[in-house]
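Asker: So that you have it, the file is entry24.tsv, and it contains TSV, C-alpha atoms:
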```tsv
chain	number	residue	atom	x	y	z
A	1	MET	CA	127.31	135.31	66.88
A	2	ARG	CA	124.30	133.97	65.00
A	3	ARG	CA	123.48	130.30	65.29
A	4	THR	CA	123.89	128.16	62.23
A	5	GLY	CA	121.33	125.63	61.17
A	6	VAL	CA	119.10	124.31	58.42
A	7	VAL	CA	115.78	125.93	57.67
A	8	ARG	CA	113.28	123.60	55.99
A	9	PHE	CA	110.56	124.68	53.61
A	10	ALA	CA	107.96	122.03	54.33
A	11	ARG	CA	105.60	123.25	51.62
A	12	ARG	CA	108.04	122.41	48.85
A	13	GLY	CA	109.92	119.67	50.61
A	14	VAL	CA	113.33	121.23	50.05
A	15	ARG	CA	115.82	122.98	52.27
A	16	LEU	CA	117.27	126.44	52.41
A	17	ARG	CA	120.61	126.17	54.16
A	18	CYS	CA	121.68	128.83	56.61
A	19	ARG	CA	125.17	130.15	57.05
A	20	GLY	CA	126.43	131.60	60.28
A	21	THR	CA	128.56	134.69	61.39
A	22	ASN	CA	109.19	146.78	30.14
A	23	GLY	CA	107.54	148.32	25.89
A	24	ASN	CA	103.79	147.82	25.76
A	25	GLN	CA	102.31	144.92	23.78
A	26	GLN	CA	99.10	146.05	22.10
A	27	GLY	CA	96.46	143.74	20.70
A	28	SER	CA	92.70	143.41	20.75
A	29	ASP	CA	92.99	139.77	21.83
A	30	MET	CA	94.49	140.98	25.14
A	31	GLU	CA	91.78	143.48	25.99
A	32	VAL	CA	88.51	142.83	27.77
A	33	THR	CA	86.13	145.74	27.30
A	34	GLY	CA	85.00	147.35	30.54
A	35	GLN	CA	87.21	145.16	32.73
A	36	THR	CA	90.48	145.71	34.50
A	37	THR	CA	93.11	143.32	33.15
A	38	LEU	CA	96.69	142.45	33.92
A	39	THR	CA	98.60	140.75	31.12
A	40	ILE	CA	101.38	138.45	32.28
A	41	SER	CA	103.76	135.94	30.76
A	42	SER	CA	105.05	132.69	32.24
A	43	ARG	CA	104.42	132.31	35.97
A	44	ASN	CA	107.36	129.93	36.21
A	45	TYR	CA	109.98	132.08	34.52
A	46	SER	CA	108.81	135.71	34.50
A	47	SER	CA	109.89	137.60	37.61
A	48	TRP	CA	108.39	140.87	36.33
A	49	SER	CA	105.02	139.22	35.79
A	50	MET	CA	105.16	137.95	39.37
A	51	ARG	CA	105.95	141.41	40.70
A	52	GLY	CA	103.12	143.07	38.77
A	53	TRP	CA	100.60	140.43	39.77
A	54	LEU	CA	101.58	140.59	43.44
A	55	LEU	CA	101.28	144.37	43.42
A	56	ALA	CA	97.81	144.19	41.88
A	57	LYS	CA	96.70	141.58	44.42
A	58	LEU	CA	98.14	143.54	47.35
A	59	SER	CA	96.33	146.67	46.16
A	60	GLY	CA	92.98	144.95	46.44
A	61	LEU	CA	92.07	145.94	42.89
A	62	ALA	CA	89.68	143.54	41.15
A	63	PHE	CA	91.26	142.44	37.89
A	64	GLU	CA	91.33	139.64	35.36
A	65	THR	CA	94.64	137.96	34.63
A	66	ILE	CA	95.43	137.39	30.97
A	67	SER	CA	98.32	134.99	30.33
A	68	VAL	CA	100.12	135.17	26.99
A	69	PRO	CA	102.05	132.16	25.68
A	70	ILE	CA	105.81	132.12	25.44
A	71	ASP	CA	106.30	133.44	21.93
A	72	ALA	CA	109.51	134.66	20.30
A	73	ALA	CA	109.32	138.09	21.94
A	74	SER	CA	108.62	136.90	25.47
A	75	ARG	CA	111.19	134.13	25.12
A	76	ALA	CA	113.85	136.68	24.18
A	77	GLU	CA	112.87	138.80	27.17
A	78	LEU	CA	112.99	135.89	29.61
A	79	LEU	CA	116.41	134.89	28.30
A	80	LEU	CA	117.62	138.48	28.79
A	81	LEU	CA	118.20	138.82	25.05
A	82	SER	CA	115.73	141.67	24.59
A	83	PRO	CA	115.68	145.07	26.32
A	84	SER	CA	111.92	145.48	25.84
A	85	ILE	CA	109.56	144.67	28.67
A	86	LEU	CA	106.27	143.44	27.25
A	87	VAL	CA	104.69	142.30	30.50
A	88	PRO	CA	103.19	142.93	32.94
A	89	CYS	CA	100.69	145.37	31.44
A	90	LEU	CA	97.79	146.78	33.45
A	91	ARG	CA	94.67	148.15	31.77
A	92	HIS	CA	92.34	150.03	34.10
A	93	ASP	CA	89.76	152.80	33.65
A	94	GLY	CA	91.02	153.79	30.21
A	95	SER	CA	94.68	153.73	31.24
A	96	THR	CA	97.33	151.34	29.97
A	97	VAL	CA	100.29	151.03	32.32
A	98	TRP	CA	103.37	148.90	31.78
A	99	ASP	CA	106.73	148.68	33.51
A	100	THR	CA	106.46	147.29	37.02
A	101	LEU	CA	107.47	150.45	38.87
A	102	ALA	CA	104.92	152.47	36.89
A	103	ILE	CA	102.26	149.90	37.80
A	104	ALA	CA	103.30	150.11	41.45
A	105	GLU	CA	102.99	153.89	41.53
A	106	TYR	CA	99.67	153.80	39.64
A	107	LEU	CA	98.21	151.26	42.05
A	108	ASN	CA	99.40	153.33	45.00
A	109	GLU	CA	97.53	156.33	43.58
A	110	ILE	CA	94.22	154.59	42.89
A	111	ARG	CA	94.29	152.33	45.98
A	112	PRO	CA	95.85	154.47	48.75
A	113	GLN	CA	94.01	152.46	51.38
A	114	ALA	CA	96.24	149.48	50.52
A	115	ARG	CA	99.28	151.43	51.81
A	116	LEU	CA	101.63	149.93	49.26
A	117	LEU	CA	104.10	152.70	50.09
A	118	PRO	CA	105.02	153.66	53.67
A	119	ASP	CA	103.21	156.60	55.30
A	120	ASP	CA	106.40	158.35	56.40
A	121	ARG	CA	108.06	160.56	53.78
A	122	ARG	CA	111.59	159.39	54.56
A	123	ALA	CA	110.51	155.75	54.54
A	124	ARG	CA	108.79	156.29	51.18
A	125	ALA	CA	112.00	157.72	49.75
A	126	HIS	CA	113.94	154.75	51.11
A	127	CYS	CA	111.37	152.33	49.69
A	128	ARG	CA	111.48	153.92	46.25
A	129	SER	CA	115.27	153.82	46.30
A	130	ILE	CA	115.57	150.10	46.99
A	131	CYS	CA	112.78	149.32	44.53
A	132	GLY	CA	114.61	151.33	41.89
A	133	GLU	CA	117.79	149.41	42.67
A	134	MET	CA	115.93	146.14	42.15
A	135	HIS	CA	114.35	147.46	38.96
A	136	SER	CA	117.57	148.54	37.28
A	137	GLY	CA	120.32	146.56	38.99
A	138	PHE	CA	121.51	143.09	39.96
A	139	SER	CA	122.20	142.02	36.38
A	140	ALA	CA	124.62	139.29	37.46
A	141	LEU	CA	121.98	137.73	39.69
A	142	ARG	CA	119.40	137.85	36.90
A	143	SER	CA	121.66	136.13	34.38
A	144	ALA	CA	123.29	133.57	36.69
A	145	LEU	CA	120.19	132.66	38.71
A	146	PRO	CA	117.20	133.03	36.37
A	147	MET	CA	113.79	132.58	37.91
A	148	ASN	CA	112.54	129.00	37.65
A	149	LEU	CA	109.96	128.03	40.25
A	150	ARG	CA	109.65	124.42	39.17
A	151	ALA	CA	113.38	123.70	39.47
A	152	HIS	CA	115.71	123.04	42.39
A	153	PHE	CA	119.50	122.85	42.08
A	154	PRO	CA	121.08	121.68	45.37
A	155	GLY	CA	124.67	122.79	45.84
A	156	PHE	CA	124.47	125.23	42.94
A	157	ARG	CA	127.77	127.00	42.37
A	158	ILE	CA	127.27	130.78	42.44
A	159	TRP	CA	129.58	133.02	40.45
A	160	SER	CA	131.40	135.74	42.35
A	161	ARG	CA	129.55	138.61	40.64
A	162	ALA	CA	126.19	137.03	41.43
A	163	GLN	CA	127.35	136.49	45.02
A	164	HIS	CA	128.10	140.21	45.23
A	165	ASP	CA	124.50	140.94	44.19
A	166	ILE	CA	123.20	138.47	46.77
A	167	GLU	CA	125.21	140.13	49.51
A	168	ARG	CA	123.89	143.56	48.52
A	169	ILE	CA	120.29	142.30	48.59
A	170	VAL	CA	120.80	140.69	51.99
A	171	THR	CA	122.21	144.00	53.26
A	172	ILE	CA	119.14	145.85	51.98
A	173	TRP	CA	116.78	143.42	53.66
A	174	ARG	CA	118.67	143.44	56.94
A	175	GLU	CA	118.82	147.23	57.07
A	176	CYS	CA	115.09	147.55	56.33
A	177	LEU	CA	114.06	144.90	58.85
A	178	ALA	CA	116.19	146.59	61.51
A	179	ALA	CA	115.05	150.12	60.70
A	180	TYR	CA	111.32	149.45	60.46
A	181	GLY	CA	110.93	146.53	62.84
A	182	GLY	CA	109.57	143.93	60.40
A	183	PRO	CA	108.02	141.53	59.78
A	184	TRP	CA	108.05	143.05	56.26
A	185	LEU	CA	110.69	145.31	54.79
A	186	PHE	CA	108.89	148.50	55.82
A	187	GLY	CA	107.16	147.36	58.96
A	188	GLU	CA	103.89	145.61	59.68
A	189	GLN	CA	102.39	146.18	56.22
A	190	ILE	CA	103.54	144.16	53.22
A	191	GLY	CA	104.06	146.51	50.32
A	192	ILE	CA	105.79	147.46	47.10
A	193	ALA	CA	109.30	146.64	48.30
A	194	ASP	CA	108.36	143.12	49.35
A	195	ALA	CA	106.64	142.50	45.99
A	196	MET	CA	109.69	143.76	44.12
A	197	TYR	CA	112.01	141.39	45.97
A	198	ALA	CA	109.67	138.37	46.13
A	199	PRO	CA	111.12	136.74	42.98
A	200	VAL	CA	114.58	136.98	44.54
A	201	VAL	CA	113.32	134.88	47.44
A	202	THR	CA	112.25	132.19	44.98
A	203	ARG	CA	115.65	132.32	43.29
A	204	PHE	CA	117.36	131.78	46.64
A	205	LEU	CA	115.26	128.65	47.13
A	206	THR	CA	115.70	127.34	43.58
A	207	TYR	CA	119.48	127.69	43.66
A	208	ASP	CA	120.03	126.58	47.26
A	209	VAL	CA	121.54	129.90	48.34
A	210	LYS	CA	123.04	129.79	51.82
A	211	LEU	CA	121.50	132.41	54.10
A	212	GLU	CA	121.81	133.43	57.71
A	213	PRO	CA	118.83	132.61	59.95
A	214	ASP	CA	117.31	136.10	60.10
A	215	ILE	CA	117.23	136.40	56.31
A	216	ALA	CA	116.00	132.82	55.89
A	217	GLU	CA	113.14	133.70	58.25
A	218	TYR	CA	112.12	136.61	56.02
A	219	CYS	CA	112.25	134.30	53.00
A	220	MET	CA	110.01	131.75	54.71
A	221	ARG	CA	107.56	134.50	55.61
A	222	MET	CA	107.44	135.62	52.00
A	223	LEU	CA	106.91	132.12	50.62
A	224	ALA	CA	104.14	131.53	53.16
A	225	HIS	CA	102.18	134.61	52.09
A	226	PRO	CA	98.91	133.45	50.45
A	227	PHE	CA	99.44	135.44	47.24
A	228	VAL	CA	103.00	134.18	46.79
A	229	ALA	CA	101.90	130.61	47.49
A	230	GLU	CA	99.07	131.00	44.96
A	231	TRP	CA	101.50	132.21	42.29
A	232	ILE	CA	103.94	129.36	42.93
A	233	ASP	CA	101.19	126.73	42.81
A	234	ALA	CA	100.00	128.12	39.47
A	235	ALA	CA	103.58	128.10	38.16
A	236	LYS	CA	103.91	124.42	39.01
A	237	ALA	CA	100.79	123.70	36.98
A	238	GLU	CA	102.22	125.29	33.82
A	239	HIS	CA	103.49	123.07	31.03
A	240	GLU	CA	105.53	125.43	28.87
A	241	ASP	CA	109.28	124.95	29.18
A	242	ILE	CA	112.33	126.96	28.17
A	243	ASP	CA	115.13	124.41	27.91
A	244	GLU	CA	117.87	126.99	28.46
A	245	LEU	CA	116.40	127.88	31.86
A	246	ASP	CA	115.81	124.30	32.98
A	247	MET	CA	119.36	123.03	32.65
A	248	GLU	CA	121.87	123.17	35.48
A	249	PHE	CA	124.81	125.31	34.42
```
Represent the supplied structure as C-alpha cells.
Answerer:
Amino acid sequence: MRRTGVVRFARRGVRLRCRGTNGNQQGSDMEVTGQTTLTISSRNYSSWSMRGWLLAKLSGLAFETISVPIDAASRAELLLLSPSILVPCLRHDGSTVWDTLAIAEYLNEIRPQARLLPDDRRARAHCRSICGEMHSGFSALRSALPMNLRAHFPGFRIWSRAQHDIERIVTIWRECLAAYGGPWLFGEQIGIADAMYAPVVTRFLTYDVKLEPDIAEYCMRMLAHPFVAEWIDAAKAEHEDIDELDMEF
C-alpha cells in the first residue's frame, strides 16, 4: 500500500495533496524576416501555446517568441467556444507550421539530436498514441479545469467526468513511468509526451487535485524543469485577464 502524505511545492508556496491506495493566423505584423518565430497567445491561459513553446525549447532551436494579445478570436479559443487553433504557429526556413502535434513532428525532423521522440520504434508508437490522446481527448478536463497559472483553488470540487479524465491521465503516466523507467514518461530524456502533458500538471496544481505520491513526484519534477519554471514565471508577470477563467465555479 502506498503511503499517504502531503507534497509541498515550495516554489509556489501551495500544496498538492496526495491520496493513498489549431487554423493558421496570417499577418505581416507576426513575421520577422529571416528569423525563426513562434507565435503564442496568453502564457497564463493557453495550454497549446505552452506545449508549442516547450517543444521548441526542448528541440534546441533558436527562435523568437511573438506574443499576440487576447483578441476576440483567441478569447473564443481559450474559452473553448471556437474550434480553430490559431496558436502556436512556428515559422522556420520558409515553412509555416501550426497545430501542436505538427510542430512536434516538424521539430523532431529538423532537430533529431534533441531526441524528442524515443529511439525505439515501439516506444515511438506508444508516445505518438498518448500524445494523440492528449491532443484530441480529455474534453471534460479542459472545460472543467481550464488552465490558469496565476490561480489556486484549494478544495476545488471536480465533476465526475473530469475525474474520469484525470484517472485516465494518471494511468497513462503510471504505465509510461513503469515501462520506461522514468524519470520522464519515456525514460531518461524529456520529450514530446512530457511537453504535451505539462499543462495538465499545472491544472492539477491550480485545482488542488489529489494525487498519489508517485504521480505527485512526477508533477514536481515537471514543475521544477527550467523551461516549465520559466514559462510559469512569465505567466505570473502577465496582466491580461479573462474573468470567466478567474472565477471559482
Asker: Identify, on the basis of only C-alpha atoms, every residue whose closest approach to stretch 225-232 of chain A does not exceed 7 Å; exclude the query and any residue fewer than 3 positions from it along the same chain; express the result as a compact mmCIF listing (two decimals) with C-alpha atoms, in the frame of the given file.
Answerer:
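Wrote it out as out.txt, contents follow:
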```
# COMPACT_ATOMS: atom_id res chain seq x y z
CA ARG A 43 104.42 132.31 35.97
CA LEU A 54 101.58 140.59 43.44
CA LEU A 149 109.96 128.03 40.25
CA ARG A 221 107.56 134.50 55.61
CA MET A 222 107.44 135.62 52.00
CA ALA A 235 103.58 128.10 38.16
CA LYS A 236 103.91 124.42 39.01
```
Asker: Tell me which residues come within 7 Å of (124.0, 128.7, 42.6), as a list of chain:residue names, counting only C-alpha atoms in the file's coordinates.
Answerer: A:Leu145, A:Gly155, A:Phe156, A:Arg157, A:Ile158, A:Tyr207, A:Asp208, A:Val209
Asker: Applying 10 Å and all atoms listed in the file, which residues near A:Thr96 remain after dropping the ones on its own chain fewer than 4 positions away? List them as an MDAnalysis selection string.
Answerer: chainID A and resid 24 26 36:38 89:92 103
Asker: In Å, rounded to a single decimal, give me how far atom CA of A:Pro112 is from atom CA of A:Thr39.
Answerer: 22.5 Å
Asker: How far is it from atom CA of A:Arg122 to atom CA of A:Tyr218, in Å with one decimal?
Answerer: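 Computing the Euclidean distance for atom CA of A:Arg122 and atom CA of A:Tyr218 yields 22.8 Å.
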Asker: List the spatial neighbours of A:Phe186 as an mmCIF file with C-alpha atoms, keeping the file's coordinate frame - criterion: any atom at most 12 Å away, all atoms listed in the file, same-chain residues fewer than 2 positions off excluded.
Answerer:
```cif
data_model
loop_
_atom_site.group_PDB
_atom_site.id
_atom_site.type_symbol
_atom_site.label_atom_id
_atom_site.label_comp_id
_atom_site.auth_asym_id
_atom_site.auth_seq_id
_atom_site.Cartn_x
_atom_site.Cartn_y
_atom_site.Cartn_z
ATOM 1 C CA ARG A 115 99.280 151.430 51.810
ATOM 2 C CA LEU A 116 101.630 149.930 49.260
ATOM 3 C CA LEU A 117 104.100 152.700 50.090
ATOM 4 C CA PRO A 118 105.020 153.660 53.670
ATOM 5 C CA ASP A 119 103.210 156.600 55.300
ATOM 6 C CA ASP A 120 106.400 158.350 56.400
ATOM 7 C CA ARG A 122 111.590 159.390 54.560
ATOM 8 C CA ALA A 123 110.510 155.750 54.540
ATOM 9 C CA ARG A 124 108.790 156.290 51.180
ATOM 10 C CA ALA A 125 112.000 157.720 49.750
ATOM 11 C CA HIS A 126 113.940 154.750 51.110
ATOM 12 C CA CYS A 127 111.370 152.330 49.690
ATOM 13 C CA ARG A 128 111.480 153.920 46.250
ATOM 14 C CA ILE A 130 115.570 150.100 46.990
ATOM 15 C CA CYS A 131 112.780 149.320 44.530
ATOM 16 C CA ILE A 172 119.140 145.850 51.980
ATOM 17 C CA TRP A 173 116.780 143.420 53.660
ATOM 18 C CA ARG A 174 118.670 143.440 56.940
ATOM 19 C CA GLU A 175 118.820 147.230 57.070
ATOM 20 C CA CYS A 176 115.090 147.550 56.330
ATOM 21 C CA LEU A 177 114.060 144.900 58.850
ATOM 22 C CA ALA A 178 116.190 146.590 61.510
ATOM 23 C CA ALA A 179 115.050 150.120 60.700
ATOM 24 C CA TYR A 180 111.320 149.450 60.460
ATOM 25 C CA GLY A 181 110.930 146.530 62.840
ATOM 26 C CA GLY A 182 109.570 143.930 60.400
ATOM 27 C CA PRO A 183 108.020 141.530 59.780
ATOM 28 C CA TRP A 184 108.050 143.050 56.260
ATOM 29 C CA GLU A 188 103.890 145.610 59.680
ATOM 30 C CA GLN A 189 102.390 146.180 56.220
ATOM 31 C CA ILE A 190 103.540 144.160 53.220
ATOM 32 C CA GLY A 191 104.060 146.510 50.320
ATOM 33 C CA ILE A 192 105.790 147.460 47.100
ATOM 34 C CA ALA A 193 109.300 146.640 48.300
ATOM 35 C CA ASP A 194 108.360 143.120 49.350
ATOM 36 C CA ALA A 195 106.640 142.500 45.990
#
```
Asker: Rounded to one decimal in Å, what is the spacing between atom CA of A:Trp53 and atom CA of A:Met196?
Answerer: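 Atom-to-atom, atom CA of A:Trp53 to atom CA of A:Met196, that is 10.6 Å.
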Asker: Please determine, counting all atoms listed in the file, which residue among A:Pro146, A:Gly132, A:Pro213, A:Gly187 has the shortest atom-to-atom distance to A:Glu105.
Answerer: A:Gly132
Asker: Put the listed atoms of stretch 97-101 of chain A in a box along x, y and z with 3 Å added on every side and give me the centre and edge lengths in Å to one decimal, as AutoDock Vina command-line options.
Answerer:
```
--center_x 103.9 --center_y 149.2 --center_z 35.3 --size_x 13.2 --size_y 9.7 --size_z 13.1
```
Asker: Which residue out of A:Ala224, A:Leu61, A:Ala144, A:Val87 has the minimum interatomic distance to A:Ile110 when only C-alpha atoms are used?
Answerer: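 With only C-alpha atoms as the atom set, the closest residue is A:Leu61.
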Asker: Excluding stretch 162-169 of chain A and any residue of its chain fewer than 3 positions from it, enumerate the residues within 6 Å of it, using only C-alpha atoms, and give them as JSON, numbers by chain.
Answerer: {"A": [138, 140, 141, 159, 172]}
